[in-house]
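**Q** Would you mind keeping the following structure in view while I ask a few things?
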Amino acid sequence: MKKDIFKIANTKLRSRLIVGTGKYKNFVETAKAVQASGADMVTVAVRRINITDKKKPILTDFLNPKKITLLPNTAGCFSSFEALRTLRLAREMGGWKLVKLEVLGDKKTLLPNMIETVKTTKILVKEGFEVMVYCTDDPLLAKKLEDYGASAIMPLASPIGSGLGFQNKMNITLIIKNAKVPVIVDAGIGAPSDATLAMELGCDGVLINSAIAKANKPILMAKAFKDAVISGRNAFLAGRMKKNYFGSPSSPIKGLI
């Protein structure tokens, strides 16, 4: 079997599981969960980074940026203006080029504002950013984002932090079939079985935060998601059997005694 490479823009990753760094009890738990997950990319909410109080710990005290790819994101941004300012600041702070864009449209559902998202994607691409874009599960809008230069499409399975899992497998499948860039399910995954399903559908990766951080045992759950993603990817590469609405015996029916 050919080597199975996961690449986003110019960044190669070993793991197809990307994890968030929010909602944990502390940075120690965050670091242990990341290690257990096997992830080599983590998202960082730029607007929530401590850059003023030198006495407080920061994430990079616990996660080595030389070993883990930090992915700045625009969590908490509700307009193109906020998102652009946040990512331009991130580039000034750390020289980041690969970023995750999310522009939210509603504080209750946290669904993306796709008008602002598309507009912001176009601007960021022109400015030289490699943009991974959080979006709705609309196949047409997902293709538009790719046409405008998005480096990865990140459709939701269900609302952020809901844990509801997939609500529309058909749309996700259509996005995958139409895409020439990586498709990474982002938001709504609640259990390792959801992650396995994402990979079996043909997604290139999954991004998990709440489902790990809010588990009773986050470290163990991180390990469970690691195994689930690997299993789902192997199943996709193996190719599942065709569905049949009639029974088919496992043993030959010819030559019976």
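Numbering starts fresh at 1 for the residues of each chain in the structure tokens, the chains themselves are lettered A, B, ... in the order given, and ligands are numbered from 1 as they appear.
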Please identify all polymer residues within 8 Å of Tyr148 (chain A), counting only C-alpha atoms, omitting same-chain residues fewer than 5 positions from it, and present them as number ranges by chain.
**A** A: 121-122, 125
**Q** Could the residues in this selection be saved with N, CA and C atoms as an mmCIF file, in the first residue's frame?
**A**
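For reference, result_4.cif as written:
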data_model
loop_
_atom_site.group_PDB
_atom_site.id
_atom_site.type_symbol
_atom_site.label_atom_id
_atom_site.label_comp_id
_atom_site.auth_asym_id
_atom_site.auth_seq_id
_atom_site.Cartn_x
_atom_site.Cartn_y
_atom_site.Cartn_z
ATOM 1 N N THR A 121 -12.126 34.859 3.606
ATOM 2 C CA THR A 121 -11.239 33.883 2.963
ATOM 3 C C THR A 121 -10.532 34.501 1.767
ATOM 4 N N LYS A 122 -11.288 35.185 0.932
ATOM 5 C CA LYS A 122 -10.712 35.811 -0.258
ATOM 6 C C LYS A 122 -9.617 36.811 0.113
ATOM 7 N N VAL A 125 -6.398 34.927 1.597
ATOM 8 C CA VAL A 125 -5.642 34.244 0.546
ATOM 9 C C VAL A 125 -4.809 35.253 -0.246
#
**Q** Quick one: everything within 10 Å of region 223-226 of chain A, counting only C-alpha atoms, minus sequence neighbours fewer than 6 positions away in the same chain. Send it as a list in words.
**A**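 My reading of the contact set: Ser15, Arg16, Leu17, Ile18, Val19, Ala33, Val34, Gln35, Ala36, Ser37, Gly38, Ala39, Ala191, Pro192, Ser193, Asp194, Ala195, Thr196, Val206, Ile208, Ala211 and Ile212 of chain A.
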**Q** Enter the distance from CA of Asn26 (chain A) to CA of Asp106 (chain A), in Å, rounded to one decimal.
**A**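 CA of Asp106 (chain A) lies at a distance of 27.9 Å from CA of Asn26 (chain A).
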**Q** Report the residues of region 48-192 of chain A whose backbone DSSP state falls under strand (DSSP E or B), written as number ranges by chain.
**A** A: 69-73, 98-101, 104, 112, 130-135, 152-155, 183-186
**Q** Please compute the CA of Ile175 (chain A)-CA of Ala187 (chain A) distance, one decimal, in Å.
**A**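 One can read the CA of Ile175 (chain A) to CA of Ala187 (chain A) distance as 15.7 Å.
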**Q** Counting only C-alpha atoms, what is within 12 Å of Gly94 (chain A), bar same-chain residues fewer than 5 positions away, as a list in words?
**A**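 Here the answer would be Val46, Thr60, Pro65, Thr69, Leu70, Leu71, Pro72, Leu87, Arg88, Leu89 and Val99 of chain A.
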**Q** Would you mind exporting N, CA, C and O atoms of the selected residues as a compact mmCIF listing (two decimals), in the first residue's frame?
**A**
# COMPACT_ATOMS: atom_id res chain seq x y z
N VAL A 46 -6.41 32.66 19.28
CA VAL A 46 -5.52 33.83 19.41
C VAL A 46 -6.09 34.87 20.37
O VAL A 46 -5.36 35.47 21.16
N THR A 60 2.64 27.35 25.42
CA THR A 60 3.93 26.86 24.92
C THR A 60 4.89 26.45 26.03
O THR A 60 5.96 25.90 25.76
N PRO A 65 6.40 23.94 20.45
CA PRO A 65 6.06 24.32 19.07
C PRO A 65 6.95 23.67 18.02
O PRO A 65 6.59 23.65 16.84
N THR A 69 2.50 21.39 15.74
CA THR A 69 2.13 22.53 14.90
C THR A 69 0.99 23.30 15.56
O THR A 69 -0.08 22.72 15.81
N LEU A 70 1.23 24.56 15.86
CA LEU A 70 0.19 25.40 16.45
C LEU A 70 -0.61 26.05 15.33
O LEU A 70 -0.05 26.67 14.43
N LEU A 71 -1.91 25.90 15.40
CA LEU A 71 -2.80 26.44 14.37
C LEU A 71 -3.63 27.58 14.96
O LEU A 71 -4.61 27.33 15.66
N PRO A 72 -3.24 28.83 14.71
CA PRO A 72 -4.02 29.96 15.24
C PRO A 72 -5.42 29.97 14.63
O PRO A 72 -5.57 29.76 13.44
N LEU A 87 -5.99 37.39 12.87
CA LEU A 87 -5.00 36.59 12.15
C LEU A 87 -3.80 37.42 11.70
O LEU A 87 -2.67 36.91 11.63
N ARG A 88 -4.01 38.68 11.42
CA ARG A 88 -2.86 39.55 11.13
C ARG A 88 -1.99 39.71 12.36
O ARG A 88 -0.75 39.74 12.28
N LEU A 89 -2.63 39.79 13.52
CA LEU A 89 -1.89 39.85 14.79
C LEU A 89 -1.11 38.56 15.01
O LEU A 89 0.05 38.59 15.43
N VAL A 99 -3.46 29.08 9.00
CA VAL A 99 -4.39 29.53 10.05
C VAL A 99 -5.76 28.88 9.84
O VAL A 99 -6.08 28.39 8.76
**Q** Just the residues within 10 Å of Gly188 (chain A), please, counting only C-alpha atoms, with nothing from its chain fewer than 5 positions along; format it as a list in words.
**A** Leu156, Ala157, Ser158, Pro159, Ile160, Gly161, Ser162, Gly163, Leu164, Gly165, Phe166, Gln167, Asp194, Leu207, Ile208, Asn209, Ser210 and Ala211 of chain A
**Q** From the options A:Ala31, A:Leu201, A:Leu237, A:Ala75, which residue's atoms come nearest to Val44 (chain A), counting only C-alpha atoms?
**A** A:Ala75
**Q** Taking only C-alpha atoms into account, name the residue in A:Thr21, A:Ala198, A:Met241, A:Ser79 that is nearest to Ala228 (chain A).
**A**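 Looking at the shortest contact to Ala228 (chain A), the residue is A:Ala198.
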**Q** For the helix (DSSP H, G or I) assignment from backbone DSSP, which residues of region 77-240 of chain A qualify? Please present them as a ChimeraX atom specification.
**A** /A:80-94,114-126,139-147,169-178,192-201,210-213,218-238
**Q** Hey, which of A:Asp40, A:Ser80, A:Ala222, A:Arg240 ends up closest to Lys66 (chain A)? Count only C-alpha atoms.
**A**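 Among A:Asp40, A:Ser80, A:Ala222, A:Arg240, it is A:Asp40 that comes nearest to Lys66 (chain A).
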**Q** Neighbouring residues of Lys97 (chain A) were defined as those with any atom within 7 Å, considering only C-alpha atoms; residues of the same chain fewer than 4 positions away were excluded. Please report them as a VMD selection string.
**A** chain A and resid 91 129 to 130
**Q** Grab the residues selected above and save them as a short mmCIF file (atom, residue, chain, number, x, y, z; two decimals), in the first residue's frame with N, CA and C atoms.
**A**
data_model
loop_
_atom_site.label_atom_id
_atom_site.label_comp_id
_atom_site.auth_asym_id
_atom_site.auth_seq_id
_atom_site.Cartn_x
_atom_site.Cartn_y
_atom_site.Cartn_z
N ARG A 91 0.07 36.56 12.79
CA ARG A 91 1.23 36.53 11.89
C ARG A 91 2.36 37.42 12.43
N PHE A 129 -2.00 34.11 3.26
CA PHE A 129 -2.31 33.12 4.29
C PHE A 129 -2.73 31.80 3.65
N GLU A 130 -2.45 30.69 4.34
CA GLU A 130 -2.98 29.37 3.98
C GLU A 130 -4.15 29.13 4.93
#
**Q** So that I can see what lies close to Phe81 (chain A), please list as a PDB file with all heavy atoms, in the first residue's frame the residues with an atom at most 10 Å from it, counting only C-alpha atoms and leaving out residues fewer than 4 positions away in the same chain.
**A**
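File written: part_15.pdb
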ATOM      1  N   CYS A  77     -14.763  35.266  16.998  1.00  0.00           N
ATOM      2  CA  CYS A  77     -14.922  36.390  16.063  1.00  0.00           C
ATOM      3  C   CYS A  77     -16.290  36.304  15.384  1.00  0.00           C
ATOM      4  O   CYS A  77     -16.680  35.244  14.889  1.00  0.00           O
ATOM      5  CB  CYS A  77     -13.816  36.374  15.015  1.00  0.00           C
ATOM      6  SG  CYS A  77     -12.181  36.759  15.663  1.00  0.00           S
ATOM      7  N   ARG A  85      -8.237  41.085  11.793  1.00  0.00           N
ATOM      8  CA  ARG A  85      -7.349  41.689  12.791  1.00  0.00           C
ATOM      9  C   ARG A  85      -6.664  40.613  13.624  1.00  0.00           C
ATOM     10  O   ARG A  85      -5.459  40.699  13.907  1.00  0.00           O
ATOM     11  CB  ARG A  85      -8.149  42.631  13.699  1.00  0.00           C
ATOM     12  CG  ARG A  85      -7.299  43.339  14.749  1.00  0.00           C
ATOM     13  CD  ARG A  85      -8.141  44.275  15.596  1.00  0.00           C
ATOM     14  NE  ARG A  85      -9.175  43.540  16.328  1.00  0.00           N
ATOM     15  CZ  ARG A  85     -10.081  44.121  17.110  1.00  0.00           C
ATOM     16  NH1 ARG A  85     -10.113  45.440  17.228  1.00  0.00           N
ATOM     17  NH2 ARG A  85     -10.988  43.396  17.743  1.00  0.00           N
ATOM     18  N   THR A  86      -7.416  39.590  14.005  1.00  0.00           N
ATOM     19  CA  THR A  86      -6.876  38.509  14.841  1.00  0.00           C
ATOM     20  C   THR A  86      -5.771  37.750  14.124  1.00  0.00           C
ATOM     21  O   THR A  86      -4.702  37.483  14.692  1.00  0.00           O
ATOM     22  CB  THR A  86      -8.007  37.542  15.241  1.00  0.00           C
ATOM     23  OG1 THR A  86      -8.995  38.255  15.991  1.00  0.00           O
ATOM     24  CG2 THR A  86      -7.473  36.397  16.086  1.00  0.00           C
ATOM     25  N   VAL A 103     -15.772  32.537  11.333  1.00  0.00           N
ATOM     26  CA  VAL A 103     -16.519  33.765  11.588  1.00  0.00           C
ATOM     27  C   VAL A 103     -17.932  33.340  11.959  1.00  0.00           C
ATOM     28  O   VAL A 103     -18.679  32.847  11.114  1.00  0.00           O
ATOM     29  CB  VAL A 103     -16.549  34.685  10.350  1.00  0.00           C
ATOM     30  CG1 VAL A 103     -17.255  35.991  10.703  1.00  0.00           C
ATOM     31  CG2 VAL A 103     -15.149  34.967   9.834  1.00  0.00           C
ATOM     32  N   GLU A 116     -19.728  36.444   5.596  1.00  0.00           N
ATOM     33  CA  GLU A 116     -18.487  37.008   6.131  1.00  0.00           C
ATOM     34  C   GLU A 116     -17.312  36.049   5.955  1.00  0.00           C
ATOM     35  O   GLU A 116     -16.182  36.463   5.725  1.00  0.00           O
ATOM     36  CB  GLU A 116     -18.667  37.347   7.616  1.00  0.00           C
ATOM     37  CG  GLU A 116     -19.636  38.480   7.896  1.00  0.00           C
ATOM     38  CD  GLU A 116     -19.041  39.840   7.547  1.00  0.00           C
ATOM     39  OE1 GLU A 116     -18.318  40.392   8.389  1.00  0.00           O
ATOM     40  OE2 GLU A 116     -19.295  40.327   6.430  1.00  0.00           O
ATOM     41  N   THR A 120     -13.930  36.961   3.940  1.00  0.00           N
ATOM     42  CA  THR A 120     -12.666  36.966   4.687  1.00  0.00           C
ATOM     43  C   THR A 120     -11.654  36.005   4.080  1.00  0.00           C
ATOM     44  O   THR A 120     -10.457  36.289   4.029  1.00  0.00           O
ATOM     45  CB  THR A 120     -12.926  36.601   6.160  1.00  0.00           C
ATOM     46  OG1 THR A 120     -13.987  37.405   6.671  1.00  0.00           O
ATOM     47  CG2 THR A 120     -11.683  36.832   6.998  1.00  0.00           C
TER      48      THR A 120
END
**Q** Identify which of the residues A:Cys203, A:Ala238, A:Ile219, A:Cys135 lies closest to Glu29 (chain A), counting only C-alpha atoms when measuring atom-to-atom distances.
**A**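 Closest to Glu29 (chain A), using only C-alpha atoms: A:Ile219.
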**Q** Which residue gives the smallest distance to Lys214 (chain A) among A:Thr30, A:Asn73, A:Thr11, A:Asn244, with only C-alpha atoms counted?
**A** A:Thr30
**Q** For each of A:Asn171, A:Ser250, A:Asn10, A:Thr43, take the minimum atom-to-atom distance to Lys143 (chain A), counting only C-alpha atoms, then give the residue where this is smallest.
**A** A:Asn171
